[in-house]
Amino acid sequence: MKKIIYILIFFVMYSSLNAADYSVNIDEIRVNGKAVSNFNNIIIAETDTIIFDYSLVRADTTKSVPPFLFKLALDQNGEISERTAGVKEVLYCNLTQGNYIFDVSAFDLAGKWKTSNLLIKFEVNNKLASINKKIDTLEAAKQVSDSIISALNENIKANENQNESYKIVMYSVGGASILFLILFLIYLIKGREKNKIINNLNTKLEENEMKMLALQATLDKSSPTSDVERFSNEIEKINKRLENISQLSDTFNKDVNTFINKATDLANLQINKNSVFENIIAGITNPTDTIRSLVELLRGYDLNSTETNDVINNIIDYTNKIIDNVEDIQRRIEFEDGSKVSLYFDTIDIPYIINTAVQKNTSDANKKDIRIKTNIAPEIEKLRGDQQKLTVVLHNLINNAVKFTNEKGKIDIKAYQKSNLVYFEVTDNGIGMTTDELKKLYENFSIDYNIDKMVGPNSTIGLLTVKKYVEAHGGQLIVSSVINDGSTFSFFIPTVKY
């Protein structure tokens with residue numbers, strides 16, 4: 001007992017030391033594609049999208065990072081949705097109004113370390129978000145207006161300087177004219193060529209008057225009023241450009257909405273895949289931990305033959321579960337590649353495939369004290385098909401029935417023939433499905449990537465595998481269910497050669 005306690009203490013200390021080497025960092029937060037500068041005051045609307053970019057940071061950068069996953073949680077007033085992801089960003093959209101906490105951490109697949117949680121608070125408030133957007137719009141308009149007014153002031157100031165230059169020229173010309181008049185008056189007093197001087201003086205005065213009129217006209221043309229008119233024309237041109245920009249903005253918004261819809265679909269797909277991977281990881285990690293405990297039990301204790309056989313049988317059961325999960329991953333990869341299902345036709349031993357599928361689920365059924373009954377009609381004709389794949393189909397359906405059947409429940413498995421079709425039925429008296437859930441399940445039959453939907457609490461059914469394999473045999477999958485009264489998953493295979 002002390003040895004086990006020491007091992008646990010060492011494991012905890014080792015995990016905490018490893019966890020200290022790692023931390024999660026928020027690299028960037030974007031709202032509708034625009035980076036947010038202040039992470040402490042984020043307010044968005046229900047129609048907005050928010051993207052969190054995060055990364056794993058290791059204190060010792062010289063060492064490589066082992067395989068790990070991020071654990072993400074979104075808390076809205078105590079209602080928490082969690083998922084695990086391998087990507088370094090997550091998108092949320094169509095959030096209802098309220099206060100949210102985004103929680104991100106990371107852990108390695110070997111279970112040796114886990115980082116501390118990093119929390120980001122934000123609020124979904126349509127009214128405040130609308131006010132913030134209006135403030136941003138007014139500030140942008142104010143900047144444009146300030147730039148136009150500044151340009152007008154600079155031009156008016158330049159014109160005033162130019163007007164001062166014109167005034168100096170005019171005063172200089174006027175002063176020169178007066179000086180010229182005084183000199184001529186002096187000559188006039190002296191009596192030299194009186195008539196000629198007067199005529200010349202009149203001529204000069206007329207010329208100076210014409211020059212002054214010309215300067216005045218030039219001054220009028222360059223007055224601030226004409227500049228204001230010119231800038232008014234420029235503003236009208238700017239307004240027309242703004243109208244064009246507004247039209248382009250409408251087009252851009254339509255493209256953004258299209259992008260948001262696609263991003264929403266991708267986000268839903270990512271959520272679905274994350275859920276699948278969480279179940280796969282749990283389906284591998286949990287049996288592995290159990291096998292490790294059973295092996296330690298064999299090594300650390302003296303067991304009699306019966307106890308040893310029980311432990312060995314448990315190890316075999318959990319090993320088979322790991323193999324099933326690995327085969328499930330391989331099938332998913334095969335389906336995502338879009339390759340056609342390959343079948344190896346042979347004469348099907350119907351009792352063999354049913355008994356094999358039942359045996360794979362006997363251990364889980366016994367834990368819940370569930371009774372499994374089989375009924376195979378004797379008049380079934382020989383059926384040709386891929387025996388291994390039909391075994392997988394029955395195993396998935398029985399496994400699903402065990403998951404959703406309460407303790408001390410029952411599962412009935414039937415095989416019978418109608419005309420040239422052989423029917424297989426797996427019926428349970430478990431929790432069942434509502435009409436809406438059943439309708440949604442049938443709608444998802446036509447969407448490959450959405451087939452593996454949640455049909456019960458914290459579990460999935462391998463309907464993608466079932467559907468693909470049955471249809472490859474020329475058959476069809478049929479589901480019927482009543483809430484709190486159980487479900488029946490059945491399929492048929494033609495007996496004729498196809």
# chains A, B, ... in the order shown; residues from 1 in each chain; ligands from 1
>>> residues_around(residues="Arg30 of chain A", least_positions_apart="6", cutoff="7 Å", atoms="only C-alpha atoms", output="PyMOL selection string")
chain A and resi 36+50-52
>>> write_last_selection(atoms="N, CA and C atoms", output="compact mmCIF listing (two decimals), in the first residue's frame")
# COMPACT_ATOMS: atom_id res chain seq x y z
N VAL A 36 -8.50 43.69 -31.39
CA VAL A 36 -8.90 44.46 -30.21
C VAL A 36 -7.65 44.84 -29.44
N ILE A 50 -16.39 36.84 -32.71
CA ILE A 50 -15.18 37.09 -31.91
C ILE A 50 -14.26 35.89 -32.02
N ILE A 51 -13.00 36.15 -32.32
CA ILE A 51 -12.01 35.10 -32.53
C ILE A 51 -10.90 35.27 -31.49
N PHE A 52 -10.55 34.17 -30.79
CA PHE A 52 -9.45 34.18 -29.84
C PHE A 52 -8.27 33.41 -30.46
>>> residues_around(residues="Asp103 of chain A", least_positions_apart="5", cutoff="8 Å", atoms="only C-alpha atoms", output="list in words")
Leu72, Ala73, Leu74, Asp75, Asn117, Leu118, Leu119 and Ile120 of chain A
>>> write_last_selection(atoms="C-alpha atoms", output="CSV table (one decimal), in the first residue's frame")
chain,number,residue,atom,x,y,z
A,72,LEU,CA,-11.6,25.5,-24.2
A,73,ALA,CA,-14.6,26.6,-22.1
A,74,LEU,CA,-17.1,29.4,-22.5
A,75,ASP,CA,-19.0,30.4,-19.3
A,117,ASN,CA,-6.4,28.4,-16.8
A,118,LEU,CA,-6.3,31.8,-18.6
A,119,LEU,CA,-9.5,33.8,-18.4
A,120,ILE,CA,-10.8,36.6,-20.6
>>> atom_distance(atom1="atom CA of Phe492 of chain A", atom2="atom CA of Leu477 of chain A")
7.2 Å
>>> atom_distance(atom1="atom CA of Arg384 of chain A", atom2="atom CA of Tyr416 of chain A")
15.0 Å
>>> closest_residue(among="A:Gly385, A:Gln417, A:Phe39, A:Ile431", to="Gly474 of chain A", atoms="only C-alpha atoms")
A:Gly385
>>> closest_residue(among="A:Leu394, A:Leu69, A:Ile101, A:Leu95", to="Asn355 of chain A", atoms="only C-alpha atoms")
A:Leu394
>>> closest_residue(among="A:Asp48, A:Glu234, A:Glu437, A:Asp21", to="Lys34 of chain A", atoms="only C-alpha atoms")
A:Asp48
>>> residues_around(residues="Lys114 of chain A", least_positions_apart="2", cutoff="8 Å", atoms="only C-alpha atoms", output="list in words")
Ser15, Ala19, Tyr22, Ser105, Ala106, Phe107, Asp108, Gly111, Lys112 and Ser116 of chain A
>>> write_last_selection(atoms="C-alpha atoms", output="PDB file, in the first residue's frame")
ATOM      1  CA  SER A  15       3.069  16.450 -13.103  1.00  0.00           C
ATOM      2  CA  ALA A  19       3.064  21.945 -15.663  1.00  0.00           C
ATOM      3  CA  TYR A  22       4.138  25.506 -19.743  1.00  0.00           C
ATOM      4  CA  SER A 105      -5.740  25.825 -20.851  1.00  0.00           C
ATOM      5  CA  ALA A 106      -3.554  23.093 -22.341  1.00  0.00           C
ATOM      6  CA  PHE A 107      -2.606  19.532 -21.409  1.00  0.00           C
ATOM      7  CA  ASP A 108      -0.399  16.834 -22.869  1.00  0.00           C
ATOM      8  CA  GLY A 111      -1.387  13.157 -18.812  1.00  0.00           C
ATOM      9  CA  LYS A 112       1.904  14.440 -17.299  1.00  0.00           C
ATOM     10  CA  SER A 116      -3.182  26.940 -15.397  1.00  0.00           C
TER      11      SER A 116
END
>>> closest_residue(among="A:Leu390, A:Val402, A:Glu307, A:Val24", to="Thr115 of chain A", atoms="only C-alpha atoms")
A:Val24
>>> closest_residue(among="A:Asp53, A:Asp289, A:Asp412, A:Asp364", to="Glu425 of chain A", atoms="only C-alpha atoms")
A:Asp412
>>> closest_residue(among="A:Lys360, A:Ile376, A:Phe424, A:Lys410", to="His395 of chain A", atoms="only C-alpha atoms")
A:Lys360
>>> atom_distance(atom1="atom CA of Ser419 of chain A", atom2="atom CA of Val470 of chain A")
18.3 Å
>>> residues_around(residues="Gln388 of chain A", least_positions_apart="2", cutoff="10 Å", atoms="only C-alpha atoms", output="list in words")
Leu343, Tyr344, Phe345, Ile348, Ile353, Gly385, Asp386, Leu390, Thr391, Val392 and Val393 of chain A
>>> write_last_selection(atoms="C-alpha atoms", output="PDB file, in the first residue's frame")
ATOM      1  CA  LEU A 343     -16.282  -5.008 -49.915  1.00  0.00           C
ATOM      2  CA  TYR A 344     -15.020  -8.602 -49.848  1.00  0.00           C
ATOM      3  CA  PHE A 345     -18.029 -10.778 -50.669  1.00  0.00           C
ATOM      4  CA  ILE A 348     -22.454 -14.635 -44.450  1.00  0.00           C
ATOM      5  CA  ILE A 353     -21.718 -12.138 -36.892  1.00  0.00           C
ATOM      6  CA  GLY A 385     -21.686  -9.767 -48.253  1.00  0.00           C
ATOM      7  CA  ASP A 386     -18.634  -8.574 -46.335  1.00  0.00           C
ATOM      8  CA  LEU A 390     -21.511  -6.331 -41.207  1.00  0.00           C
ATOM      9  CA  THR A 391     -20.067  -7.426 -37.849  1.00  0.00           C
ATOM     10  CA  VAL A 392     -18.849  -3.849 -37.336  1.00  0.00           C
ATOM     11  CA  VAL A 393     -22.357  -2.547 -38.164  1.00  0.00           C
TER      12      VAL A 393
END
